[in-house]
$ cat data36.csv   # CSV, C-alpha atoms
chain,number,residue,atom,x,y,z
Y,202,MET,CA,0.0,0.0,0.0
Y,203,THR,CA,1.4,3.4,-0.9
Y,204,ILE,CA,0.2,6.7,0.6
Y,205,ASN,CA,1.8,9.9,-0.4
Y,206,LEU,CA,1.0,12.8,1.9
Y,207,SER,CA,3.9,15.1,1.0
Y,208,GLU,CA,1.7,18.2,0.8
Y,209,LYS,CA,0.5,18.0,4.4
Y,210,THR,CA,2.1,19.7,7.3
Y,211,MET,CA,4.2,17.6,9.7
Y,212,VAL,CA,1.5,17.5,12.3
Y,213,ASN,CA,-1.2,16.5,9.8
Y,214,ARG,CA,1.1,13.8,8.4
Y,215,ASP,CA,1.7,12.4,11.9
Y,216,LEU,CA,-2.1,12.3,12.5
Y,217,GLU,CA,-2.7,10.6,9.2
Y,218,PHE,CA,0.0,8.0,9.5
Y,219,MET,CA,-1.0,7.3,13.1
Y,220,LYS,CA,-4.6,6.7,12.0
Y,221,VAL,CA,-3.2,4.0,9.7
Y,222,ALA,CA,-1.3,2.5,12.6
Y,223,LEU,CA,-4.4,2.5,14.7
Y,224,SER,CA,-6.4,0.7,12.0
Y,225,LEU,CA,-3.7,-2.0,11.9
Y,226,ALA,CA,-3.8,-2.3,15.7
Y,227,ASN,CA,-7.5,-2.8,15.6
Y,228,ARG,CA,-7.0,-5.9,13.5
Y,229,GLY,CA,-5.6,-7.8,16.5
Y,230,ILE,CA,-8.1,-6.9,19.2
Y,231,GLY,CA,-9.5,-10.1,20.7
Y,232,ASN,CA,-6.6,-12.2,19.4
Y,233,THR,CA,-3.4,-10.9,20.9
Y,234,TRP,CA,-4.0,-11.4,24.6
Y,235,PRO,CA,-2.2,-11.3,27.0
Y,236,ASN,CA,-0.3,-8.7,25.0
Y,237,PRO,CA,-1.8,-5.4,23.8
Y,238,SER,CA,-2.7,-5.1,20.1
Y,239,VAL,CA,-0.3,-2.6,18.5
Y,240,GLY,CA,0.0,-1.2,15.0
Y,241,CYS,CA,3.2,0.2,13.3
Y,242,VAL,CA,3.9,1.8,10.0
Y,243,ILE,CA,7.3,2.7,8.6
Y,244,VAL,CA,7.3,5.9,6.6
Y,245,LYS,CA,10.1,7.3,4.3
Y,246,ASN,CA,9.8,10.4,2.1
Y,247,ASN,CA,6.2,10.7,3.2
Y,248,ILE,CA,5.4,7.2,1.8
Y,249,ILE,CA,4.4,4.1,3.8
Y,250,ILE,CA,7.0,1.5,3.0
Y,251,SER,CA,6.0,-1.1,5.5
Y,252,ARG,CA,3.3,-2.1,8.0
Y,253,GLY,CA,3.0,-4.4,11.0
Y,254,TRP,CA,0.6,-5.3,13.7
Y,255,THR,CA,0.7,-7.6,16.7
Y,256,GLN,CA,0.3,-11.2,15.6
Y,257,PRO,CA,-2.1,-13.8,17.3
Y,258,GLY,CA,-0.9,-14.7,20.8
Y,259,GLY,CA,0.8,-11.4,21.1
Y,260,ARG,CA,4.0,-12.0,19.1
Y,261,PRO,CA,5.8,-11.1,17.0
Y,262,HIS,CA,5.3,-7.5,18.0
Y,263,ALA,CA,4.1,-4.9,15.5
Y,264,GLU,CA,7.4,-3.1,15.3
Y,265,VAL,CA,9.3,-6.3,14.5
Y,266,GLU,CA,6.7,-7.2,11.9
Y,267,ALA,CA,7.0,-3.8,10.2
Y,268,LEU,CA,10.8,-3.8,10.3
Y,269,MET,CA,11.1,-7.3,8.9
Y,270,ARG,CA,9.0,-6.3,5.9
Y,271,ALA,CA,10.9,-3.0,5.4
Y,272,GLY,CA,14.3,-4.6,5.5
Y,273,SER,CA,17.2,-2.2,4.9
Y,274,ALA,CA,14.7,0.5,3.6
Y,275,SER,CA,13.9,1.3,7.2
Y,276,ASN,CA,17.2,3.1,7.6
Y,277,GLY,CA,16.5,6.8,8.0
Y,278,ALA,CA,12.7,6.3,8.2
Y,279,THR,CA,10.1,7.3,10.7
Y,280,ALA,CA,8.2,4.7,12.7
Y,281,TYR,CA,4.6,5.4,13.8
Y,282,VAL,CA,3.7,3.1,16.8
Y,283,THR,CA,0.4,3.1,18.7
Y,284,LEU,CA,2.0,2.1,22.0
Y,285,GLU,CA,5.4,2.9,23.5
Y,286,PRO,CA,7.9,0.3,22.2
Y,287,CYS,CA,8.9,-2.2,24.9
Y,288,ASP,CA,12.4,-2.0,26.4
Y,289,HIS,CA,12.6,-5.3,28.3
Y,290,PHE,CA,13.4,-8.9,27.4
Y,291,GLY,CA,10.3,-11.0,27.6
Y,292,GLU,CA,9.4,-13.7,25.2
Y,293,THR,CA,11.0,-11.5,22.5
Y,294,PRO,CA,13.9,-9.0,22.5
Y,295,PRO,CA,13.0,-5.3,23.1
Y,296,CYS,CA,11.3,-3.4,20.2
Y,297,SER,CA,13.1,-0.2,21.2
Y,298,LYS,CA,16.5,-1.8,20.4
Y,299,ALA,CA,15.1,-3.3,17.1
Y,300,LEU,CA,14.1,0.2,16.0
Y,301,VAL,CA,17.6,1.6,16.8
Y,302,LYS,CA,19.3,-1.3,15.1
Y,303,ALA,CA,17.2,-0.8,12.0
Y,304,GLY,CA,18.4,2.8,11.7
Y,305,ILE,CA,15.0,4.5,12.4
Y,306,LYS,CA,15.6,8.2,12.8
Y,307,ARG,CA,12.2,9.3,14.2
Y,308,VAL,CA,9.6,7.5,16.3
Y,309,VAL,CA,6.0,8.9,16.7
Y,310,ILE,CA,4.2,7.3,19.6
Y,311,SER,CA,0.5,7.5,20.3
Y,312,VAL,CA,0.5,6.6,24.0
Y,313,ARG,CA,2.9,5.6,26.7
Y,314,ASP,CA,2.9,2.0,28.1
Y,315,ARG,CA,1.6,1.9,31.7
Y,316,ASP,CA,3.4,-1.4,32.3
Y,317,LYS,CA,6.0,-0.5,34.9
Y,318,ARG,CA,8.6,-2.5,33.1
Y,319,VAL,CA,8.2,-0.2,30.1
Y,320,SER,CA,6.6,3.1,31.0
Y,321,GLY,CA,8.9,5.8,29.8
Y,322,SER,CA,12.0,3.5,29.5
Y,323,GLY,CA,11.4,2.7,25.9
Y,324,ILE,CA,11.1,6.4,25.1
Y,325,LYS,CA,14.2,7.2,27.1
Y,326,PHE,CA,16.3,4.5,25.3
Y,327,LEU,CA,15.2,5.8,21.9
Y,328,LYS,CA,16.1,9.4,22.8
Y,329,ASN,CA,19.5,8.4,24.3
Y,330,SER,CA,20.2,6.6,21.1
Y,331,GLY,CA,19.8,9.8,19.1
Y,332,ILE,CA,16.3,9.2,17.8
Y,333,GLU,CA,13.7,12.0,17.7
Y,334,VAL,CA,10.6,10.9,19.6
Y,335,ILE,CA,7.2,12.5,19.3
Y,336,GLU,CA,4.4,11.6,21.8
Y,337,ASN,CA,0.7,11.9,22.4
Y,338,ILE,CA,-0.7,11.6,18.8
Y,339,LEU,CA,-4.3,10.4,19.0
Y,340,THR,CA,-3.8,9.3,22.6
Y,341,ASN,CA,-7.4,8.9,23.4
Y,342,GLU,CA,-8.0,6.6,20.5
Y,343,SER,CA,-5.1,4.4,21.5
Y,344,GLU,CA,-6.2,4.2,25.1
Y,345,PHE,CA,-9.7,3.2,24.1
Y,346,LEU,CA,-8.4,0.6,21.6
Y,347,ASN,CA,-6.3,-1.1,24.2
Y,348,ASN,CA,-8.7,-0.6,27.2
Y,349,GLY,CA,-8.3,-4.3,28.1
Y,350,PHE,CA,-4.5,-4.1,28.4
Y,351,PHE,CA,-4.7,-0.9,30.4
Y,352,SER,CA,-7.5,-2.3,32.6
Y,353,LYS,CA,-5.2,-5.2,33.4
Y,354,ILE,CA,-2.5,-2.8,34.7
Y,355,VAL,CA,-4.7,-0.1,36.4
Y,356,LYS,CA,-7.7,-2.2,37.7
Y,357,SER,CA,-6.1,-5.7,37.9
Y,358,ARG,CA,-9.0,-7.1,36.0
Y,359,PRO,CA,-10.2,-7.4,32.4
Y,360,HIS,CA,-12.1,-4.6,30.6
Y,361,ILE,CA,-15.8,-5.8,30.8
Y,362,THR,CA,-18.4,-5.1,28.2
Y,363,LEU,CA,-22.1,-5.8,28.8
Y,364,LYS,CA,-24.1,-6.7,25.7
Y,365,LEU,CA,-27.9,-6.4,26.0
Y,366,ALA,CA,-30.5,-7.2,23.3
Y,367,THR,CA,-34.0,-6.2,24.4
Y,368,SER,CA,-37.4,-4.9,23.5
Y,369,LEU,CA,-38.2,-1.2,23.9
Y,370,ASP,CA,-39.2,-1.8,27.5
Y,371,GLY,CA,-36.0,-3.6,28.4
Y,372,LYS,CA,-37.2,-7.3,28.2
Y,373,ILE,CA,-35.0,-10.1,26.9
Y,374,ALA,CA,-37.8,-12.7,26.7
Y,375,THR,CA,-41.5,-13.2,27.2
Y,376,LYS,CA,-42.9,-14.6,30.5
Y,377,THR,CA,-42.5,-18.1,29.1
Y,378,GLY,CA,-38.8,-17.5,28.3
Y,379,GLU,CA,-39.2,-17.2,24.5
Y,380,SER,CA,-36.4,-15.0,23.2
Y,381,LYS,CA,-35.4,-16.1,19.7
Y,382,TRP,CA,-35.2,-13.7,18.2
Y,383,ILE,CA,-35.6,-10.4,20.0
Y,384,THR,CA,-33.4,-8.4,17.7
Y,385,GLY,CA,-33.0,-8.7,13.9
Y,386,LYS,CA,-30.3,-10.3,11.7
Y,387,ILE,CA,-28.2,-7.1,11.4
Y,388,SER,CA,-28.0,-6.7,15.2
Y,389,ARG,CA,-27.1,-10.4,15.6
Y,390,ARG,CA,-24.3,-10.0,13.1
Y,391,TYR,CA,-23.0,-7.0,15.0
Y,392,GLY,CA,-23.1,-9.3,18.1
Y,393,HIS,CA,-20.6,-11.6,16.4
Y,394,PHE,CA,-18.4,-8.6,15.6
Y,395,LEU,CA,-18.4,-7.8,19.4
Y,396,ARG,CA,-17.4,-11.4,20.1
Y,397,MET,CA,-14.5,-11.1,17.6
Y,398,LYS,CA,-13.3,-8.0,19.4
Y,399,HIS,CA,-13.1,-9.7,22.9
Y,400,ASP,CA,-10.9,-12.3,24.3
Y,401,ALA,CA,-13.7,-14.1,26.0
Y,402,VAL,CA,-17.5,-14.4,26.3
Y,403,LEU,CA,-19.1,-14.9,29.7
Y,404,ILE,CA,-22.6,-16.1,30.6
Y,405,GLY,CA,-24.4,-17.5,33.6
Y,406,SER,CA,-25.7,-21.0,34.0
Y,407,GLY,CA,-29.3,-19.9,33.4
Y,408,THR,CA,-28.4,-18.6,29.9
Y,409,ALA,CA,-26.4,-21.8,29.3
Y,410,LEU,CA,-29.4,-24.0,30.2
Y,411,ILE,CA,-32.2,-22.0,28.5
Y,412,ASP,CA,-30.5,-20.9,25.3
Y,413,ASN,CA,-27.9,-23.7,24.9
Y,414,PRO,CA,-25.7,-21.2,23.1
Y,415,LEU,CA,-22.5,-21.8,21.1
Y,416,LEU,CA,-21.0,-18.4,21.9
Y,417,THR,CA,-18.5,-18.6,19.0
Y,418,CYS,CA,-17.8,-15.8,16.6
Y,419,ARG,CA,-19.4,-17.0,13.3
Y,420,ILE,CA,-17.8,-14.4,11.0
Y,421,THR,CA,-16.2,-16.0,7.9
Y,422,GLY,CA,-12.5,-16.4,8.3
Y,423,ILE,CA,-12.4,-16.0,12.1
Y,424,ASN,CA,-10.7,-18.7,14.2
Y,425,ASN,CA,-12.3,-19.2,17.7
Y,426,ILE,CA,-9.4,-21.3,19.1
Y,427,ARG,CA,-8.3,-18.3,21.3
Y,428,ARG,CA,-11.8,-17.0,22.1
Y,429,THR,CA,-12.6,-18.5,25.5
Y,430,ARG,CA,-16.2,-19.2,26.5
Y,431,ILE,CA,-16.9,-18.8,30.2
Y,432,ILE,CA,-19.8,-20.1,32.2
Y,433,LEU,CA,-20.5,-19.2,35.9
Y,434,ASP,CA,-22.2,-22.4,37.0
Y,435,GLY,CA,-22.0,-22.8,40.8
Y,436,GLN,CA,-24.1,-25.9,40.9
Y,437,LEU,CA,-22.6,-27.4,37.7
Y,438,ARG,CA,-25.9,-27.7,36.0
Y,439,ILE,CA,-24.6,-27.6,32.4
Y,440,GLY,CA,-25.5,-30.6,30.4
Y,441,LEU,CA,-22.9,-32.9,28.9
Y,442,ASP,CA,-24.8,-32.7,25.6
Y,443,SER,CA,-24.8,-28.9,25.5
Y,444,GLN,CA,-23.2,-27.2,22.5
Y,445,LEU,CA,-20.6,-25.6,24.7
Y,446,VAL,CA,-19.4,-29.0,26.0
Y,447,GLN,CA,-19.6,-30.7,22.7
Y,448,THR,CA,-17.4,-28.1,21.0
Y,449,ALA,CA,-14.9,-27.5,23.8
Y,450,MET,CA,-12.1,-28.9,21.6
Y,451,GLU,CA,-12.8,-26.3,18.9
Y,452,ALA,CA,-13.0,-23.3,21.2
Y,453,PRO,CA,-11.9,-23.2,24.8
Y,454,VAL,CA,-14.5,-23.5,27.6
Y,455,MET,CA,-14.0,-22.5,31.2
Y,456,ILE,CA,-16.5,-23.2,34.0
Y,457,PHE,CA,-16.5,-21.6,37.4
Y,458,ILE,CA,-18.1,-23.8,40.1
Y,459,ASN,CA,-18.9,-23.5,43.8
Y,460,ASP,CA,-15.9,-24.3,45.9
Y,461,THR,CA,-17.9,-25.2,49.0
Y,462,LYS,CA,-20.4,-27.6,47.5
Y,463,LYS,CA,-19.8,-31.3,46.8
Y,464,LEU,CA,-20.5,-31.6,43.2
Y,465,ASN,CA,-20.8,-34.7,40.9
Y,466,ILE,CA,-17.2,-35.9,40.6
Y,467,LYS,CA,-18.0,-38.2,37.6
Y,468,LYS,CA,-19.5,-35.3,35.8
Y,469,ILE,CA,-16.4,-33.1,36.5
Y,470,ASP,CA,-14.2,-35.9,35.2
Y,471,LYS,CA,-16.2,-36.1,32.0
Y,472,LEU,CA,-16.0,-32.4,31.5
Y,473,LEU,CA,-12.3,-32.5,32.0
Y,474,GLU,CA,-12.0,-35.3,29.4
Y,475,LYS,CA,-13.7,-32.9,27.0
Y,476,GLY,CA,-10.9,-30.4,27.5
Y,477,ILE,CA,-13.0,-28.0,29.7
Y,478,SER,CA,-11.3,-26.1,32.4
Y,479,ILE,CA,-13.0,-26.3,35.8
Y,480,ILE,CA,-12.2,-23.6,38.3
Y,481,LYS,CA,-13.5,-23.6,41.9
Y,482,SER,CA,-14.6,-20.2,43.1
Y,483,PRO,CA,-15.8,-18.7,46.4
Y,484,TYR,CA,-19.5,-18.7,46.6
Y,485,SER,CA,-22.2,-16.8,48.6
Y,486,SER,CA,-25.9,-16.2,48.6
Y,487,ASP,CA,-25.3,-13.8,45.7
Y,488,GLY,CA,-23.6,-16.5,43.7
Y,489,ILE,CA,-20.1,-16.9,42.5
Y,490,ASN,CA,-17.7,-14.2,43.6
Y,491,LEU,CA,-17.3,-12.0,40.5
Y,492,GLU,CA,-14.2,-10.2,41.7
Y,493,TYR,CA,-12.5,-13.6,42.2
Y,494,VAL,CA,-13.5,-14.6,38.7
Y,495,MET,CA,-12.1,-11.5,37.1
Y,496,THR,CA,-8.8,-11.9,39.1
Y,497,LYS,CA,-8.5,-15.4,37.8
Y,498,LEU,CA,-9.2,-14.3,34.2
Y,499,ILE,CA,-6.6,-11.6,34.3
Y,500,LYS,CA,-4.0,-14.0,35.6
Y,501,LYS,CA,-4.8,-16.2,32.7
Y,502,GLY,CA,-4.1,-13.3,30.4
Y,503,ILE,CA,-7.6,-12.5,29.4
Y,504,THR,CA,-8.0,-8.7,29.1
Y,505,ARG,CA,-11.4,-8.2,27.4
Y,506,VAL,CA,-14.6,-9.9,28.4
Y,507,LEU,CA,-18.0,-9.7,26.7
Y,508,ILE,CA,-20.9,-10.5,29.0
Y,509,GLU,CA,-24.0,-11.9,27.3
Y,510,SER,CA,-26.2,-12.7,30.2
Y,511,GLY,CA,-29.6,-12.8,31.8
Y,512,GLY,CA,-30.8,-10.2,34.2
Y,513,ASN,CA,-29.3,-11.7,37.4
Y,514,LEU,CA,-25.7,-11.6,36.2
Y,515,ALA,CA,-26.1,-8.2,34.6
Y,516,SER,CA,-27.4,-6.7,37.8
Y,517,SER,CA,-24.7,-8.4,39.9
Y,518,CYS,CA,-22.0,-7.0,37.6
Y,519,LEU,CA,-23.5,-3.5,37.8
Y,520,LYS,CA,-23.7,-3.7,41.6
Y,521,ALA,CA,-20.0,-4.8,41.7
Y,522,ASN,CA,-19.0,-1.8,39.5
Y,523,LEU,CA,-17.5,-4.2,36.9
Y,524,ILE,CA,-19.2,-2.8,33.7
Y,525,ASP,CA,-16.9,-0.6,31.6
Y,526,GLU,CA,-19.2,-0.2,28.6
Y,527,ILE,CA,-22.5,-1.3,27.3
Y,528,PHE,CA,-23.7,-2.2,23.8
Y,529,TRP,CA,-27.5,-2.1,24.1
Y,530,PHE,CA,-29.6,-3.4,21.1
Y,531,ARG,CA,-33.3,-2.4,21.2
Y,532,ALA,CA,-36.0,-3.9,19.0
Y,533,PRO,CA,-39.1,-1.8,18.1
Y,534,PHE,CA,-41.7,-3.7,20.1
Y,535,ILE,CA,-42.9,-4.0,23.7
Y,536,ILE,CA,-43.2,-7.3,25.7
Y,537,GLY,CA,-44.7,-5.9,28.9
Y,538,ASN,CA,-44.0,-6.1,32.6
Y,539,ASP,CA,-44.4,-9.8,32.8
Y,540,GLY,CA,-41.5,-10.4,30.5
Y,541,LYS,CA,-38.0,-11.3,31.6
Y,542,PRO,CA,-36.0,-8.1,32.4
Y,543,ALA,CA,-32.5,-7.5,31.0
Y,544,ILE,CA,-31.5,-6.1,34.4
Y,545,ARG,CA,-33.0,-7.3,37.7
Y,546,ASN,CA,-33.2,-5.5,41.0
Y,547,LEU,CA,-30.4,-3.1,41.9
Y,548,GLY,CA,-31.7,-2.1,45.3
Y,549,LEU,CA,-31.7,1.7,44.5
Y,550,ASP,CA,-33.7,3.9,46.8
Y,551,SER,CA,-32.8,7.3,45.4
Y,552,LEU,CA,-31.9,9.0,42.1
Y,553,ASP,CA,-28.5,10.0,43.3
Y,554,LYS,CA,-27.5,6.4,43.3
Y,555,ILE,CA,-28.6,5.5,39.8
Y,556,TYR,CA,-26.1,4.3,37.2
Y,557,ARG,CA,-25.4,7.1,34.7
Y,558,TYR,CA,-24.0,6.7,31.2
Y,559,ASP,CA,-22.7,8.8,28.4
Y,560,LYS,CA,-23.9,7.8,25.0
Y,561,LYS,CA,-20.8,7.4,22.8
Y,562,PHE,CA,-22.9,6.7,19.7
Y,563,SER,CA,-26.3,5.6,18.6
Y,564,THR,CA,-27.1,4.0,15.3
Y,565,SER,CA,-29.9,2.1,13.5
Y,566,LEU,CA,-29.3,-1.5,12.6
Y,567,GLY,CA,-32.2,-2.4,10.3
Y,568,ASP,CA,-35.3,-1.9,12.5
Y,569,ASP,CA,-33.2,-2.0,15.7
Y,570,VAL,CA,-31.3,0.7,17.5
Y,571,LEU,CA,-27.9,0.2,19.0
Y,572,ASP,CA,-26.6,2.5,21.8
Y,573,HIS,CA,-23.0,2.4,22.9
Y,574,LEU,CA,-22.8,3.6,26.5
Y,575,LEU,CA,-19.9,4.5,28.8
Y,576,PRO,CA,-20.3,5.0,32.5
Y,577,ILE,CA,-20.0,8.5,33.9
Y,578,SER,CA,-17.5,8.4,36.7
$ encode --input "data36.csv" --output "structure tokens"
Amino acid sequence: MTINLSEKTMVNRDLEFMKVALSLANRGIGNTWPNPSVGCVIVKNNIIISRGWTQPGGRPHAEVEALMRAGSASNGATAYVTLEPCDHFGETPPCSKALVKAGIKRVVISVRDRDKRVSGSGIKFLKNSGIEVIENILTNESEFLNNGFFSKIVKSRPHITLKLATSLDGKIATKTGESKWITGKISRRYGHFLRMKHDAVLIGSGTALIDNPLLTCRITGINNIRRTRIILDGQLRIGLDSQLVQTAMEAPVMIFINDTKKLNIKKIDKLLEKGISIIKSPYSSDGINLEYVMTKLIKKGITRVLIESGGNLASSCLKANLIDEIFWFRAPFIIGNDGKPAIRNLGLDSLDKIYRYDKKFSTSLGDDVLDHLLPIS
């Protein structure tokens, strides 16, 4: 791909090239954990000569990918990177040193890494090596793109998205439990896009039993081998013939169970034989301890979790202040008060305690409407 932007000012060129790097980084979201998804473009004489993005599993890193493709042409070029280049030895050598070795003369960085092993040290090494460094180009975009990675560092838990698909009056099913389908085909396709952009999908046992979902991303060309499906099933009610169990070898399945209750050992053994991970979790009258679950997930490297749940789990996550964003799909019909609510009781007794959200965007999806909401802190 060739982009010639010679007539633009330096600032505008930096913005334009960083947008390209961000678009590359976006390709890896949901597939690079436990590492962040980074994009990198190498530019010489105002022309992109090479591109790279973090590969599945988190390596090779974006800078290394771009430098390998550029070869000797990277000497004297500018590198646009969406995240500060690493400066420590992990599974791979430091990207900062690779940039210096390749002869890069200028590095434009969107946002600093908050990992204490890196934060500022990559930039310092580049500057000490005589490379010009420009920072804070489209920083907000980069932070939002890698909200899972930053949540891991700042909150010690994954970034959590709640997906809701309801009627106009907030119902996910009729009083008999009929729910297929509340929203239309376009909304459901968008739902698969959301699965693609997350490391894992999480549901409660009620949803597993009633809907018998597959929870995979069914977009052509997408591999689900790294997209974990998680069930909170304290009583281990999931059926051995369920779609989740039967496809566990094709896409990972993780089940959190009650650590205090004696459960069916034979059933656990059969689930383990299917390749399913069973994790014992603290349990209370409110169900499985959600903070424990999120701590376990982050330790396993999962940084972005999509919750597709019934009303009980949604309200539990809200009360635990675990929801970082909401994608709310609404179909143009009403079910009525006897329908199944998307969110159950929150125990609020005054308006100053309500959960407030900022609408990032709203769009029509066929007959449905999608609102993307971020909590107001």
$ atom_distance --input "data36.csv" --atom1 "atom CA of Thr421 of chain Y" --atom2 "atom CA of His393 of chain Y"
10.5 Å
$ atom_distance --input "data36.csv" --atom1 "atom CA of Leu519 of chain Y" --atom2 "atom CA of Arg228 of chain Y"
29.5 Å
$ atom_distance --input "data36.csv" --atom1 "atom CA of Trp234 of chain Y" --atom2 "atom CA of Asn347 of chain Y"
10.6 Å
$ residues_around --input "data36.csv" --residues "segment 265-277 of chain Y" --least-positions-apart "6" --cutoff "9 Å" --atoms "only C-alpha atoms" --output "compact mmCIF listing (two decimals) with C-alpha atoms, in the coordinates of the input"
# COMPACT_ATOMS: atom_id res chain seq x y z
CA GLY Y 240 0.00 -1.20 15.00
CA CYS Y 241 3.20 0.20 13.30
CA VAL Y 242 3.90 1.80 10.00
CA ILE Y 243 7.30 2.70 8.60
CA VAL Y 244 7.30 5.90 6.60
CA LYS Y 245 10.10 7.30 4.30
CA ILE Y 250 7.00 1.50 3.00
CA SER Y 251 6.00 -1.10 5.50
CA ARG Y 252 3.30 -2.10 8.00
CA GLY Y 253 3.00 -4.40 11.00
CA TRP Y 254 0.60 -5.30 13.70
CA THR Y 255 0.70 -7.60 16.70
CA GLN Y 256 0.30 -11.20 15.60
CA CYS Y 296 11.30 -3.40 20.20
CA ALA Y 299 15.10 -3.30 17.10
CA LEU Y 300 14.10 0.20 16.00
CA LYS Y 302 19.30 -1.30 15.10
CA ALA Y 303 17.20 -0.80 12.00
CA GLY Y 304 18.40 2.80 11.70
CA ILE Y 305 15.00 4.50 12.40
CA LYS Y 306 15.60 8.20 12.80
CA ARG Y 307 12.20 9.30 14.20
$ residues_around --input "data36.csv" --residues "Ser297 of chain Y" --least-positions-apart "5" --cutoff "6 Å" --atoms "all atoms listed in the file" --output "PyMOL selection string"
chain Y and resi 286-288+323
$ closest_residue --input "data36.csv" --among "Y:Ile387, Y:Leu549, Y:Val506, Y:Ile535" --to "Val570 of chain Y" --atoms "all atoms listed in the file"
Y:Ile387
$ closest_residue --input "data36.csv" --among "Y:Thr408, Y:Ser565, Y:Asn337, Y:Ser510" --to "Val309 of chain Y" --atoms "all atoms listed in the file"
Y:Asn337
$ residues_around --input "data36.csv" --residues "Asp568 of chain Y" --least-positions-apart "6" --cutoff "12 Å" --atoms "only C-alpha atoms" --output "ChimeraX atom specification"
/Y:368-369,383-388,530-534
$ write_last_selection --input "data36.csv" --atoms "C-alpha atoms" --output "PDB file, in the frame of the given file"
ATOM      1  CA  SER Y 368     -37.400  -4.900  23.500  1.00  0.00           C
ATOM      2  CA  LEU Y 369     -38.200  -1.200  23.900  1.00  0.00           C
ATOM      3  CA  ILE Y 383     -35.600 -10.400  20.000  1.00  0.00           C
ATOM      4  CA  THR Y 384     -33.400  -8.400  17.700  1.00  0.00           C
ATOM      5  CA  GLY Y 385     -33.000  -8.700  13.900  1.00  0.00           C
ATOM      6  CA  LYS Y 386     -30.300 -10.300  11.700  1.00  0.00           C
ATOM      7  CA  ILE Y 387     -28.200  -7.100  11.400  1.00  0.00           C
ATOM      8  CA  SER Y 388     -28.000  -6.700  15.200  1.00  0.00           C
ATOM      9  CA  PHE Y 530     -29.600  -3.400  21.100  1.00  0.00           C
ATOM     10  CA  ARG Y 531     -33.300  -2.400  21.200  1.00  0.00           C
ATOM     11  CA  ALA Y 532     -36.000  -3.900  19.000  1.00  0.00           C
ATOM     12  CA  PRO Y 533     -39.100  -1.800  18.100  1.00  0.00           C
ATOM     13  CA  PHE Y 534     -41.700  -3.700  20.100  1.00  0.00           C
TER      14      PHE Y 534
END
$ residues_around --input "data36.csv" --residues "Lys325 of chain Y" --least-positions-apart "2" --cutoff "12 Å" --atoms "all atoms listed in the file" --output "list in words"
Glu285, Pro286, Cys287, Asp288, Ser297, Lys298, Val308, Arg313, Val319, Ser320, Gly321, Ser322, Gly323, Leu327, Lys328, Asn329, Ser330, Gly331, Ile332, Glu333, Val334, Ile335 and Glu336 of chain Y
$ closest_residue --input "data36.csv" --among "Y:Asp572, Y:Val221, Y:Met495, Y:Pro295" --to "Ala521 of chain Y" --atoms "all atoms listed in the file"
Y:Met495
$ closest_residue --input "data36.csv" --among "Y:Leu574, Y:Ile466, Y:Leu363, Y:Leu472" --to "Ala515 of chain Y" --atoms "only C-alpha atoms"
Y:Leu363
$ residues_around --input "data36.csv" --residues "Gly476 of chain Y" --least-positions-apart "4" --cutoff "8 Å" --atoms "only C-alpha atoms" --output "PDB file with C-alpha atoms, keeping the file's coordinate frame"
ATOM      1  CA  ALA Y 449     -14.900 -27.500  23.800  1.00  0.00           C
ATOM      2  CA  MET Y 450     -12.100 -28.900  21.600  1.00  0.00           C
ATOM      3  CA  PRO Y 453     -11.900 -23.200  24.800  1.00  0.00           C
ATOM      4  CA  VAL Y 454     -14.500 -23.500  27.600  1.00  0.00           C
ATOM      5  CA  LEU Y 472     -16.000 -32.400  31.500  1.00  0.00           C
TER       6      LEU Y 472
END
$ closest_residue --input "data36.csv" --among "Y:Lys356, Y:Arg315, Y:Arg419, Y:Lys560" --to "Ala452 of chain Y" --atoms "only C-alpha atoms"
Y:Arg419
$ decode --input "data36.csv" --residues "segment 443-456 of chain Y" --atoms "C-alpha atoms" --output "compact mmCIF listing (two decimals), in the first residue's frame"
# COMPACT_ATOMS: atom_id res chain seq x y z
CA SER Y 443 -24.80 -28.95 25.47
CA GLN Y 444 -23.24 -27.17 22.50
CA LEU Y 445 -20.59 -25.61 24.73
CA VAL Y 446 -19.42 -28.98 26.04
CA GLN Y 447 -19.59 -30.71 22.68
CA THR Y 448 -17.43 -28.06 20.98
CA ALA Y 449 -14.87 -27.54 23.76
CA MET Y 450 -12.05 -28.91 21.59
CA GLU Y 451 -12.81 -26.33 18.90
CA ALA Y 452 -13.01 -23.28 21.16
CA PRO Y 453 -11.93 -23.18 24.84
CA VAL Y 454 -14.54 -23.52 27.59
CA MET Y 455 -14.01 -22.51 31.22
CA ILE Y 456 -16.54 -23.25 33.98
